[in-house]
>>> print(open('input01.txt').read())   # compact mmCIF, C-alpha atoms and all ligand atoms
# COMPACT_ATOMS: atom_id res chain seq x y z
CA MET A 21 -37.98 131.28 103.55
CA SER A 22 -35.56 129.01 105.42
CA ALA A 23 -36.52 127.52 108.76
CA ALA A 24 -33.80 129.55 110.47
CA ALA A 25 -35.32 132.81 109.24
CA ARG A 26 -38.79 132.11 110.59
CA ILE A 27 -40.35 134.76 112.77
CA ALA A 28 -42.97 132.54 114.41
CA GLU A 29 -41.68 129.45 116.20
CA PRO A 30 -44.36 126.71 116.29
CA LEU A 31 -45.07 125.31 119.77
CA GLY A 32 -47.83 122.88 118.77
CA ASP A 33 -51.65 122.99 118.81
CA GLY A 34 -51.83 126.31 116.95
CA LEU A 35 -49.51 128.19 119.28
CA PHE A 36 -46.51 130.18 118.05
CA LEU A 37 -43.78 132.10 119.88
CA ILE A 38 -42.42 135.38 118.52
CA ASP A 39 -39.33 136.90 120.16
CA THR A 40 -40.09 140.60 120.61
CA ASP A 41 -36.36 141.44 120.70
CA TYR A 42 -36.73 143.44 123.90
CA VAL A 43 -33.19 144.28 125.15
CA ARG A 44 -31.76 140.95 123.88
CA PRO A 45 -32.98 137.77 122.17
CA GLY A 46 -34.68 135.31 124.50
CA LEU A 47 -35.88 137.90 127.02
CA ALA A 48 -39.50 138.65 126.08
CA ALA A 49 -42.02 136.87 123.87
CA SER A 50 -45.37 137.45 122.28
CA HIS A 51 -47.49 134.38 121.61
CA LEU A 52 -49.83 133.95 118.66
CA LEU A 53 -52.64 131.44 118.87
CA VAL A 54 -54.51 130.24 115.79
CA ASP A 55 -57.67 128.13 115.95
CA ASN A 56 -60.07 127.50 113.04
CA ASP A 57 -58.89 130.53 111.09
CA ARG A 58 -59.26 132.89 114.05
CA ALA A 59 -56.23 134.31 115.84
CA ALA A 60 -55.21 136.08 119.04
CA PHE A 61 -51.97 137.48 120.37
CA ILE A 62 -51.10 136.98 124.02
CA ASP A 63 -49.00 140.03 124.95
CA THR A 64 -47.53 142.17 122.17
CA GLY A 65 -44.15 143.35 123.41
CA THR A 66 -43.22 146.99 122.93
CA GLY A 67 -44.16 149.31 120.09
CA LEU A 68 -40.90 148.35 118.38
CA ALA A 69 -42.12 144.73 118.04
CA ALA A 70 -45.32 145.53 116.14
CA PRO A 71 -43.82 145.19 112.62
CA LYS A 72 -42.40 141.79 113.56
CA LEU A 73 -45.71 140.55 114.96
CA LEU A 74 -47.48 141.63 111.76
CA GLY A 75 -44.70 139.88 109.81
CA ALA A 76 -45.54 136.68 111.70
CA LEU A 77 -49.13 136.90 110.47
CA ASP A 78 -47.90 137.34 106.88
CA GLU A 79 -45.54 134.40 107.27
CA LEU A 80 -48.37 132.15 108.45
CA GLY A 81 -50.83 133.41 105.83
CA ILE A 82 -53.18 134.90 108.42
CA ALA A 83 -55.07 138.00 107.31
CA ARG A 84 -55.15 140.94 109.70
CA GLU A 85 -58.96 140.68 109.72
CA GLN A 86 -58.67 137.20 111.27
CA VAL A 87 -57.19 138.48 114.53
CA ASP A 88 -60.05 138.70 117.02
CA TYR A 89 -58.17 139.56 120.21
CA LEU A 90 -55.12 140.87 121.95
CA PHE A 91 -55.00 139.17 125.34
CA LEU A 92 -52.84 141.58 127.38
CA THR A 93 -51.76 140.04 130.68
CA HIS A 94 -50.94 143.43 132.22
CA VAL A 95 -49.94 146.90 131.10
CA HIS A 96 -46.18 146.82 131.78
CA LEU A 97 -44.57 148.04 128.57
CA ASP A 98 -42.61 144.89 127.73
CA HIS A 99 -46.01 143.13 127.62
CA ALA A 100 -48.44 145.71 126.22
CA GLY A 101 -46.44 148.75 125.07
CA GLY A 102 -47.12 147.89 121.43
CA ALA A 103 -50.80 147.06 121.84
CA GLY A 104 -52.02 150.42 120.50
CA GLN A 105 -50.00 150.07 117.30
CA MET A 106 -51.25 146.53 116.83
CA MET A 107 -54.86 147.67 117.27
CA GLN A 108 -54.38 150.21 114.46
CA ALA A 109 -53.25 147.41 112.15
CA LEU A 110 -55.88 144.83 113.16
CA PRO A 111 -59.35 146.09 112.19
CA ASN A 112 -61.41 143.42 114.00
CA ALA A 113 -59.36 143.00 117.16
CA GLN A 114 -60.52 143.76 120.68
CA ALA A 115 -57.99 144.38 123.45
CA VAL A 116 -58.85 142.18 126.44
CA LEU A 117 -57.64 143.89 129.59
CA HIS A 118 -57.91 143.75 133.36
CA PRO A 119 -60.31 146.49 134.50
CA ARG A 120 -57.50 148.14 136.50
CA GLY A 121 -55.14 148.15 133.51
CA ALA A 122 -57.44 149.29 130.73
CA PRO A 123 -57.51 153.04 131.64
CA HIS A 124 -53.70 153.17 131.30
CA LEU A 125 -53.77 152.03 127.68
CA VAL A 126 -56.80 154.13 126.72
CA ASP A 127 -54.91 157.15 128.05
CA PRO A 128 -51.23 156.18 128.38
CA THR A 129 -50.08 159.58 129.69
CA ARG A 130 -49.28 158.27 133.17
CA LEU A 131 -47.72 155.07 131.86
CA ILE A 132 -45.38 157.06 129.61
CA ALA A 133 -44.50 159.58 132.34
CA GLY A 134 -43.82 156.78 134.83
CA SER A 135 -41.53 154.96 132.41
CA ILE A 136 -39.60 158.10 131.52
CA ALA A 137 -39.18 158.75 135.26
CA VAL A 138 -37.61 155.28 135.68
CA TYR A 139 -35.47 155.10 132.52
CA GLY A 140 -34.96 158.65 131.26
CA GLU A 141 -36.24 159.89 127.90
CA ASP A 142 -33.47 158.44 125.71
CA ILE A 143 -33.53 154.88 127.00
CA TYR A 144 -37.31 154.98 127.13
CA ARG A 145 -37.49 155.79 123.39
CA ARG A 146 -34.86 153.19 122.51
CA LEU A 147 -36.57 150.41 124.53
CA TYR A 148 -40.24 151.15 123.93
CA GLY A 149 -40.72 153.22 120.79
CA GLU A 150 -44.09 154.90 120.46
CA ILE A 151 -47.03 154.20 122.76
CA VAL A 152 -50.32 154.67 120.93
CA PRO A 153 -53.63 154.91 122.86
CA ILE A 154 -56.27 152.21 122.38
CA PRO A 155 -59.77 153.56 121.61
CA ALA A 156 -62.03 152.82 124.59
CA HIS A 157 -64.73 151.19 122.44
CA ARG A 158 -62.26 148.49 121.35
CA VAL A 159 -61.40 147.42 124.91
CA LEU A 160 -63.06 144.38 126.45
CA LEU A 161 -62.81 144.38 130.24
CA ALA A 162 -62.24 140.90 131.64
CA GLU A 163 -63.76 140.46 135.09
CA ASP A 164 -62.57 137.46 137.12
CA GLY A 165 -64.04 134.28 135.62
CA MET A 166 -65.03 135.81 132.28
CA ARG A 167 -65.01 133.38 129.36
CA LEU A 168 -64.30 133.98 125.68
CA ARG A 169 -64.13 131.78 122.60
CA LEU A 170 -61.40 131.80 119.99
CA GLY A 171 -62.28 129.50 117.10
CA THR A 172 -63.33 126.27 118.80
CA ARG A 173 -61.62 126.77 122.14
CA SER A 174 -62.68 128.45 125.35
CA PHE A 175 -60.65 130.78 127.52
CA GLU A 176 -61.23 131.76 131.11
CA PHE A 177 -59.69 134.96 132.49
CA ILE A 178 -58.72 135.11 136.14
CA ASP A 179 -57.73 138.06 138.28
CA ALA A 180 -54.07 137.40 139.12
CA PRO A 181 -52.55 139.86 141.61
CA GLY A 182 -49.07 139.44 143.09
CA HIS A 183 -46.83 140.86 140.37
CA ALA A 184 -49.22 143.73 139.62
CA ARG A 185 -52.82 144.49 140.57
CA HIS A 186 -53.70 145.06 136.90
CA HIS A 187 -52.64 141.51 135.98
CA HIS A 188 -54.93 138.77 134.75
CA CYS A 189 -54.19 135.42 133.19
CA PRO A 190 -55.98 133.81 130.22
CA ILE A 191 -56.44 130.06 130.58
CA ASP A 192 -57.04 127.83 127.57
CA LEU A 193 -59.57 125.42 129.05
CA ASP A 194 -59.48 122.98 126.15
CA TYR A 195 -55.72 122.58 125.81
CA ARG A 196 -54.99 123.40 129.48
CA ASP A 197 -52.37 126.02 128.64
CA VAL A 198 -52.04 128.82 131.20
CA TYR A 199 -50.63 132.18 130.08
CA SER A 200 -48.88 133.46 133.17
CA GLY A 201 -47.54 136.86 132.07
CA ASP A 202 -45.18 137.66 134.97
CA ASN A 203 -46.90 135.59 137.67
CA PHE A 204 -45.04 132.32 137.20
CA GLY A 205 -41.55 133.81 137.32
CA ILE A 206 -39.04 133.88 134.51
CA CYS A 207 -37.24 130.99 132.84
CA TYR A 208 -34.47 132.27 130.56
CA ARG A 209 -33.55 129.32 128.38
CA GLU A 210 -29.88 130.25 128.82
CA PHE A 211 -30.10 128.59 132.25
CA ASP A 212 -31.68 125.31 131.09
CA THR A 213 -29.69 122.28 132.18
CA ALA A 214 -30.31 118.53 132.43
CA ALA A 215 -32.43 119.48 135.47
CA GLY A 216 -34.76 121.52 133.21
CA PRO A 217 -35.58 125.24 133.22
CA PHE A 218 -34.25 127.46 136.03
CA MET A 219 -36.84 129.45 137.97
CA LEU A 220 -36.17 133.16 138.59
CA PRO A 221 -38.76 134.98 140.66
CA THR A 222 -39.89 138.51 139.82
CA THR A 223 -40.53 141.03 142.61
CA THR A 224 -40.45 144.05 140.28
CA PRO A 225 -41.98 147.43 141.21
CA VAL A 226 -44.37 148.81 142.12
CA GLN A 227 -47.11 146.41 143.24
CA PHE A 228 -45.25 143.26 144.34
CA ASP A 229 -47.36 141.49 146.96
CA PRO A 230 -45.86 138.17 148.13
CA ASP A 231 -49.00 136.78 149.80
CA ALA A 232 -51.12 137.52 146.72
CA LEU A 233 -48.45 136.05 144.46
CA HIS A 234 -48.32 132.76 146.40
CA ARG A 235 -52.11 132.50 146.11
CA THR A 236 -52.08 133.33 142.39
CA ILE A 237 -49.47 130.66 141.67
CA ASP A 238 -51.61 128.05 143.46
CA ARG A 239 -54.69 129.21 141.58
CA LEU A 240 -52.92 128.88 138.22
CA LEU A 241 -51.89 125.34 139.16
CA SER A 242 -55.43 124.47 140.25
CA TYR A 243 -56.32 124.32 136.53
CA ARG A 244 -53.91 121.37 136.29
CA PRO A 245 -52.13 122.95 133.31
CA ARG A 246 -50.32 120.94 130.70
CA ARG A 247 -48.02 123.91 130.03
CA ILE A 248 -47.52 127.31 131.58
CA VAL A 249 -46.63 129.80 128.86
CA GLN A 250 -44.46 132.64 130.15
CA THR A 251 -43.77 135.97 128.50
CA HIS A 252 -40.18 135.46 129.76
CA PHE A 253 -39.65 133.00 128.04
CA GLY A 254 -42.02 130.54 126.42
CA PRO A 255 -43.76 127.34 127.55
CA VAL A 256 -42.59 125.27 130.51
CA THR A 257 -43.66 121.90 131.91
CA ASP A 258 -42.36 120.13 135.07
CA LEU A 259 -44.76 122.46 136.84
CA ASP A 260 -44.80 120.96 140.33
CA ARG A 261 -41.03 121.36 140.64
CA LEU A 262 -41.03 124.87 139.13
CA ALA A 263 -43.87 125.97 141.41
CA ARG A 264 -42.02 124.65 144.47
CA ASP A 265 -38.88 126.52 143.39
CA LEU A 266 -40.89 129.68 142.78
CA HIS A 267 -42.62 129.61 146.18
CA ASP A 268 -39.22 129.02 147.84
CA ASN A 269 -37.60 131.81 145.83
CA ILE A 270 -40.27 134.36 146.71
CA ASP A 271 -39.87 133.54 150.40
CA ALA A 272 -36.08 133.77 150.10
CA LEU A 273 -36.25 137.23 148.51
CA VAL A 274 -38.68 138.46 151.15
CA THR A 275 -36.28 137.13 153.82
CA ILE A 276 -33.41 139.01 152.18
CA ALA A 277 -35.47 142.22 152.19
CA ARG A 278 -36.45 141.83 155.87
CA ARG A 279 -32.86 141.08 156.88
CA HIS A 280 -31.73 144.48 155.64
CA VAL A 281 -34.80 146.53 156.50
CA ASP A 282 -32.88 148.82 158.90
CA ALA A 283 -29.58 148.97 157.02
CA PRO A 284 -28.70 152.46 155.75
CA ASP A 285 -27.45 150.94 152.47
CA ARG A 286 -30.14 148.30 152.21
CA VAL A 287 -30.54 148.54 148.41
CA LEU A 288 -26.90 147.59 147.99
CA GLN A 289 -27.11 144.85 150.63
CA MET A 290 -30.22 143.33 149.07
CA ARG A 291 -28.58 143.36 145.65
CA VAL A 292 -25.46 141.57 146.89
CA ASP A 293 -27.44 138.92 148.80
CA MET A 294 -29.82 138.35 145.92
CA PHE A 295 -27.07 137.84 143.40
CA ASP A 296 -25.32 135.38 145.77
CA TYR A 297 -28.60 133.55 146.28
CA PHE A 298 -29.26 133.15 142.54
CA ASN A 299 -25.65 132.15 141.96
CA ALA A 300 -25.88 129.36 144.53
CA ARG A 301 -29.20 128.19 143.06
CA LEU A 302 -27.63 128.11 139.58
CA ASP A 303 -24.76 125.99 140.91
CA ALA A 304 -27.21 123.58 142.48
CA HIS A 305 -29.11 123.50 139.17
CA GLY A 306 -25.96 122.34 137.38
CA TYR A 307 -25.46 125.53 135.37
CA ALA A 308 -21.84 125.82 134.25
CA GLY A 309 -21.84 129.35 132.74
CA THR A 310 -19.13 131.85 133.61
CA ALA A 311 -19.51 134.67 136.12
CA ALA A 312 -19.73 137.13 133.20
CA ARG A 313 -22.55 135.14 131.63
CA ARG A 314 -24.42 135.00 134.95
CA HIS A 315 -24.11 138.76 135.36
CA GLU A 316 -25.27 139.32 131.80
CA PHE A 317 -28.53 137.43 132.46
CA LEU A 318 -29.13 138.27 136.13
CA ASP A 319 -28.08 141.86 136.77
CA GLU A 320 -31.13 143.60 135.34
CA ASP A 321 -33.54 141.27 137.19
CA VAL A 322 -31.58 141.65 140.43
CA ASN A 323 -31.87 145.44 140.00
CA LEU A 324 -35.59 145.36 139.26
CA ASN A 325 -36.29 142.84 142.02
CA THR A 326 -34.37 144.97 144.51
CA GLN A 327 -36.34 148.07 143.50
CA GLY A 328 -39.58 146.14 143.89
CA LEU A 329 -38.62 144.90 147.36
CA GLU A 330 -37.62 148.44 148.30
CA VAL A 331 -41.09 149.71 147.35
CA TRP A 332 -42.67 146.79 149.24
CA LEU A 333 -40.59 147.49 152.39
CA ASN A 334 -41.54 151.17 152.26
CA ARG A 335 -45.22 150.27 152.02
CA HIS A 336 -45.04 148.17 155.21
ZN ZN B 401 -44.70 143.02 134.53
>>> encode(input="input01.txt", output="structure tokens")
Amino acid sequence: MSAAARIAEPLGDGLFLIDTDYVRPGLAASHLLVDNDRAAFIDTGTGLAAPKLLGALDELGIAREQVDYLFLTHVHLDHAGGAGQMMQALPNAQAVLHPRGAPHLVDPTRLIAGSIAVYGEDIYRRLYGEIVPIPAHRVLLAEDGMRLRLGTRSFEFIDAPGHARHHHCPIDLDYRDVYSGDNFGICYREFDTAAGPFMLPTTTPVQFDPDALHRTIDRLLSYRPRRIVQTHFGPVTDLDRLARDLHDNIDALVTIARRHVDAPDRVLQMRVDMFDYFNARLDAHGYAGTAARRHEFLDEDVNLNTQGLEVWLNRH
């Protein structure tokens, strides 16, 4: 197989990135970690990605029996929608979940209904495929501070609210890689410039909590990570700068929400201000892409972020 046709992109030290092809290339990733003949996936993407993830194992010569864990950062479907299908294919795997998230994958009825309510039945099927329940006896609940071994390395799981209350983050204590899920923003590689990756914050529905998110970001950094590995999209370094940008961005989005709290058309106003804000940040970052390209990569996140801020405003 030629290098260009590889499914699993090597990131060093036993870590591989697999694009789950959610919506477009470069949007969502699953990571596969291999240590001393044992393997774990960190996030699985949607049900539609399962054949590709299994193809990555075949490509690397890893038997399905060698996969000990699925580390699922949270139960949003672009992260864990395919976990049930993967569990069916991986006889020895346990699904490691936040205690608040686990019930939704053991019985996904509410998760499915909620997603259909947001997207409609047709788009839901096209984006997410089939959601298969995970048998309760194959779930391992990770309380804050729980440790696990994979091969020779140790992981610590920390409760990580801010993006969602059912979010936790696995931390590779030996290699100091932090798997942030959605808690360390988004860095689409489209926006990389000489200044490095561009930080986009996520304030998506329905449990965005800015104070908790600021604290979670600081806690992730307290492990002095070498890399933070994002689901959207891949590993980043230059962490002090990215964290500063992320804290600033979260505050800026909260300010935008507060500014329009009493406006009758506040969803529209927030959307306009947010797009302008990201556009100005991209200019300052040295990004030279066209307006069309910016819209292509920003519009969906601006929409989701606006919805999340709307829910947050209504809760206050
Ligand atoms: Zn999420």
>>> closest_residue(input="input01.txt", among="A:Asp164, A:Asp179, A:Asp260, A:Asp319", to="Phe295 in chain A", atoms="only C-alpha atoms")
A:Asp319
>>> residues_around(input="input01.txt", residues="Ala263 in chain A", least_positions_apart="6", cutoff="9 Å", atoms="only C-alpha atoms", output="PDB file with C-alpha atoms, in the coordinates of the input")
ATOM      1  CA  PHE A 204     -45.040 132.320 137.200  1.00  0.00           C
ATOM      2  CA  MET A 219     -36.840 129.450 137.970  1.00  0.00           C
ATOM      3  CA  ILE A 237     -49.470 130.660 141.670  1.00  0.00           C
ATOM      4  CA  ASP A 238     -51.610 128.050 143.460  1.00  0.00           C
ATOM      5  CA  LEU A 241     -51.890 125.340 139.160  1.00  0.00           C
TER       6      LEU A 241
END
>>> closest_residue(input="input01.txt", among="A:Glu316, A:Asp98, A:Asp229, A:Asp212", to="Ala184 in chain A", atoms="only C-alpha atoms")
A:Asp229
>>> closest_residue(input="input01.txt", among="A:Leu53, A:Met166, A:Val138, A:Ile151", to="Leu77 in chain A", atoms="all atoms listed in the file")
A:Leu53
>>> closest_residue(input="input01.txt", among="A:Gly149, A:Pro225, A:Gly104, A:Pro190", to="Ala60 in chain A", atoms="only C-alpha atoms")
A:Pro190
>>> residues_near_ligand(input="input01.txt", ligand="ligand ZN 401 (chain B)", cutoff="9 Å", atoms="all atoms listed in the file", output="list in words")
Thr93, His94, Val95, His96, Leu97, Asp98, His99, His183, Ala184, His187, Gly201, Asp202, Asn203, Thr222, Thr224 and Pro225 of chain A
>>> residues_around(input="input01.txt", residues="Phe228 in chain A", least_positions_apart="2", cutoff="12 Å", atoms="all atoms listed in the file", output="PyMOL selection string")
chain A and resi 180-187+202-203+221-226+230-234+270+273-274+324-336
>>> write_last_selection(input="input01.txt", atoms="C-alpha atoms", output="mmCIF file, in the frame of the given file")
data_model
loop_
_atom_site.group_PDB
_atom_site.id
_atom_site.type_symbol
_atom_site.label_atom_id
_atom_site.label_comp_id
_atom_site.auth_asym_id
_atom_site.auth_seq_id
_atom_site.Cartn_x
_atom_site.Cartn_y
_atom_site.Cartn_z
ATOM 1 C CA ALA A 180 -54.070 137.400 139.120
ATOM 2 C CA PRO A 181 -52.550 139.860 141.610
ATOM 3 C CA GLY A 182 -49.070 139.440 143.090
ATOM 4 C CA HIS A 183 -46.830 140.860 140.370
ATOM 5 C CA ALA A 184 -49.220 143.730 139.620
ATOM 6 C CA ARG A 185 -52.820 144.490 140.570
ATOM 7 C CA HIS A 186 -53.700 145.060 136.900
ATOM 8 C CA HIS A 187 -52.640 141.510 135.980
ATOM 9 C CA ASP A 202 -45.180 137.660 134.970
ATOM 10 C CA ASN A 203 -46.900 135.590 137.670
ATOM 11 C CA PRO A 221 -38.760 134.980 140.660
ATOM 12 C CA THR A 222 -39.890 138.510 139.820
ATOM 13 C CA THR A 223 -40.530 141.030 142.610
ATOM 14 C CA THR A 224 -40.450 144.050 140.280
ATOM 15 C CA PRO A 225 -41.980 147.430 141.210
ATOM 16 C CA VAL A 226 -44.370 148.810 142.120
ATOM 17 C CA PRO A 230 -45.860 138.170 148.130
ATOM 18 C CA ASP A 231 -49.000 136.780 149.800
ATOM 19 C CA ALA A 232 -51.120 137.520 146.720
ATOM 20 C CA LEU A 233 -48.450 136.050 144.460
ATOM 21 C CA HIS A 234 -48.320 132.760 146.400
ATOM 22 C CA ILE A 270 -40.270 134.360 146.710
ATOM 23 C CA LEU A 273 -36.250 137.230 148.510
ATOM 24 C CA VAL A 274 -38.680 138.460 151.150
ATOM 25 C CA LEU A 324 -35.590 145.360 139.260
ATOM 26 C CA ASN A 325 -36.290 142.840 142.020
ATOM 27 C CA THR A 326 -34.370 144.970 144.510
ATOM 28 C CA GLN A 327 -36.340 148.070 143.500
ATOM 29 C CA GLY A 328 -39.580 146.140 143.890
ATOM 30 C CA LEU A 329 -38.620 144.900 147.360
ATOM 31 C CA GLU A 330 -37.620 148.440 148.300
ATOM 32 C CA VAL A 331 -41.090 149.710 147.350
ATOM 33 C CA TRP A 332 -42.670 146.790 149.240
ATOM 34 C CA LEU A 333 -40.590 147.490 152.390
ATOM 35 C CA ASN A 334 -41.540 151.170 152.260
ATOM 36 C CA ARG A 335 -45.220 150.270 152.020
ATOM 37 C CA HIS A 336 -45.040 148.170 155.210
#
>>> atom_distance(input="input01.txt", atom1="CA of Ile248 in chain A", atom2="CA of Leu47 in chain A")
16.4 Å
>>> residues_near_point(input="input01.txt", point="(-28.7, 126.1, 131.9)", cutoff="12 Å", atoms="all atoms listed in the file", output="ChimeraX atom specification")
/A:207-219,301-310,313-314,317
>>> residues_around(input="input01.txt", residues="Ile154 in chain A", least_positions_apart="2", cutoff="10 Å", atoms="all atoms listed in the file", output="PDB file with C-alpha atoms, keeping the file's coordinate frame")
ATOM      1  CA  ALA A 103     -50.800 147.060 121.840  1.00  0.00           C
ATOM      2  CA  GLY A 104     -52.020 150.420 120.500  1.00  0.00           C
ATOM      3  CA  GLN A 105     -50.000 150.070 117.300  1.00  0.00           C
ATOM      4  CA  MET A 106     -51.250 146.530 116.830  1.00  0.00           C
ATOM      5  CA  MET A 107     -54.860 147.670 117.270  1.00  0.00           C
ATOM      6  CA  GLN A 108     -54.380 150.210 114.460  1.00  0.00           C
ATOM      7  CA  GLN A 114     -60.520 143.760 120.680  1.00  0.00           C
ATOM      8  CA  ALA A 115     -57.990 144.380 123.450  1.00  0.00           C
ATOM      9  CA  ALA A 122     -57.440 149.290 130.730  1.00  0.00           C
ATOM     10  CA  PRO A 123     -57.510 153.040 131.640  1.00  0.00           C
ATOM     11  CA  HIS A 124     -53.700 153.170 131.300  1.00  0.00           C
ATOM     12  CA  LEU A 125     -53.770 152.030 127.680  1.00  0.00           C
ATOM     13  CA  VAL A 126     -56.800 154.130 126.720  1.00  0.00           C
ATOM     14  CA  ASP A 127     -54.910 157.150 128.050  1.00  0.00           C
ATOM     15  CA  PRO A 128     -51.230 156.180 128.380  1.00  0.00           C
ATOM     16  CA  ILE A 151     -47.030 154.200 122.760  1.00  0.00           C
ATOM     17  CA  VAL A 152     -50.320 154.670 120.930  1.00  0.00           C
ATOM     18  CA  ALA A 156     -62.030 152.820 124.590  1.00  0.00           C
ATOM     19  CA  HIS A 157     -64.730 151.190 122.440  1.00  0.00           C
ATOM     20  CA  ARG A 158     -62.260 148.490 121.350  1.00  0.00           C
ATOM     21  CA  VAL A 159     -61.400 147.420 124.910  1.00  0.00           C
TER      22      VAL A 159
END
>>> residues_around(input="input01.txt", residues="Asp63 in chain A", least_positions_apart="6", cutoff="6 Å", atoms="only C-alpha atoms", output="mmCIF file with C-alpha atoms, in the frame of the given file")
data_model
loop_
_atom_site.group_PDB
_atom_site.id
_atom_site.type_symbol
_atom_site.label_atom_id
_atom_site.label_comp_id
_atom_site.auth_asym_id
_atom_site.auth_seq_id
_atom_site.Cartn_x
_atom_site.Cartn_y
_atom_site.Cartn_z
ATOM 1 C CA SER A 50 -45.370 137.450 122.280
ATOM 2 C CA LEU A 92 -52.840 141.580 127.380
ATOM 3 C CA HIS A 99 -46.010 143.130 127.620
ATOM 4 C CA ALA A 100 -48.440 145.710 126.220
#
>>> atom_distance(input="input01.txt", atom1="CA of Glu85 in chain A", atom2="CA of Asp57 in chain A")
10.2 Å
>>> axis_aligned_box(input="input01.txt", around="range 259-263 of chain A", padding_each_side="8 Å", output="lines of an AutoDock Vina configuration file")
center_x = -42.9
center_y = 123.5
center_z = 139.1
size_x = 19.8
size_y = 21.0
size_z = 20.6
>>> closest_residue(input="input01.txt", among="A:Gly34, A:Pro111, A:Pro155, A:Pro71", to="Val87 in chain A", atoms="all atoms listed in the file")
A:Pro111
>>> atom_distance(input="input01.txt", atom1="CA of Ile82 in chain A", atom2="CA of Asp33 in chain A")
15.9 Å
>>> residues_near_point(input="input01.txt", point="(-44.3, 146.1, 120.9)", cutoff="6 Å", atoms="all atoms listed in the file", output="PyMOL selection string")
chain A and resi 64-70+101-102
>>> closest_residue(input="input01.txt", among="A:Ile206, A:Ala133, A:Ile143, A:Leu37", to="Leu262 in chain A", atoms="all atoms listed in the file")
A:Ile206
>>> residues_around(input="input01.txt", residues="Tyr243 in chain A", least_positions_apart="6", cutoff="12 Å", atoms="all atoms listed in the file", output="PDB file with C-alpha atoms, in the frame of the given file")
ATOM      1  CA  PHE A 175     -60.650 130.780 127.520  1.00  0.00           C
ATOM      2  CA  GLU A 176     -61.230 131.760 131.110  1.00  0.00           C
ATOM      3  CA  PHE A 177     -59.690 134.960 132.490  1.00  0.00           C
ATOM      4  CA  ILE A 178     -58.720 135.110 136.140  1.00  0.00           C
ATOM      5  CA  CYS A 189     -54.190 135.420 133.190  1.00  0.00           C
ATOM      6  CA  PRO A 190     -55.980 133.810 130.220  1.00  0.00           C
ATOM      7  CA  ILE A 191     -56.440 130.060 130.580  1.00  0.00           C
ATOM      8  CA  ASP A 192     -57.040 127.830 127.570  1.00  0.00           C
ATOM      9  CA  LEU A 193     -59.570 125.420 129.050  1.00  0.00           C
ATOM     10  CA  ASP A 194     -59.480 122.980 126.150  1.00  0.00           C
ATOM     11  CA  TYR A 195     -55.720 122.580 125.810  1.00  0.00           C
ATOM     12  CA  ARG A 196     -54.990 123.400 129.480  1.00  0.00           C
ATOM     13  CA  ASP A 197     -52.370 126.020 128.640  1.00  0.00           C
ATOM     14  CA  VAL A 198     -52.040 128.820 131.200  1.00  0.00           C
ATOM     15  CA  TYR A 199     -50.630 132.180 130.080  1.00  0.00           C
ATOM     16  CA  THR A 236     -52.080 133.330 142.390  1.00  0.00           C
ATOM     17  CA  ILE A 237     -49.470 130.660 141.670  1.00  0.00           C
ATOM     18  CA  LEU A 259     -44.760 122.460 136.840  1.00  0.00           C
TER      19      LEU A 259
END
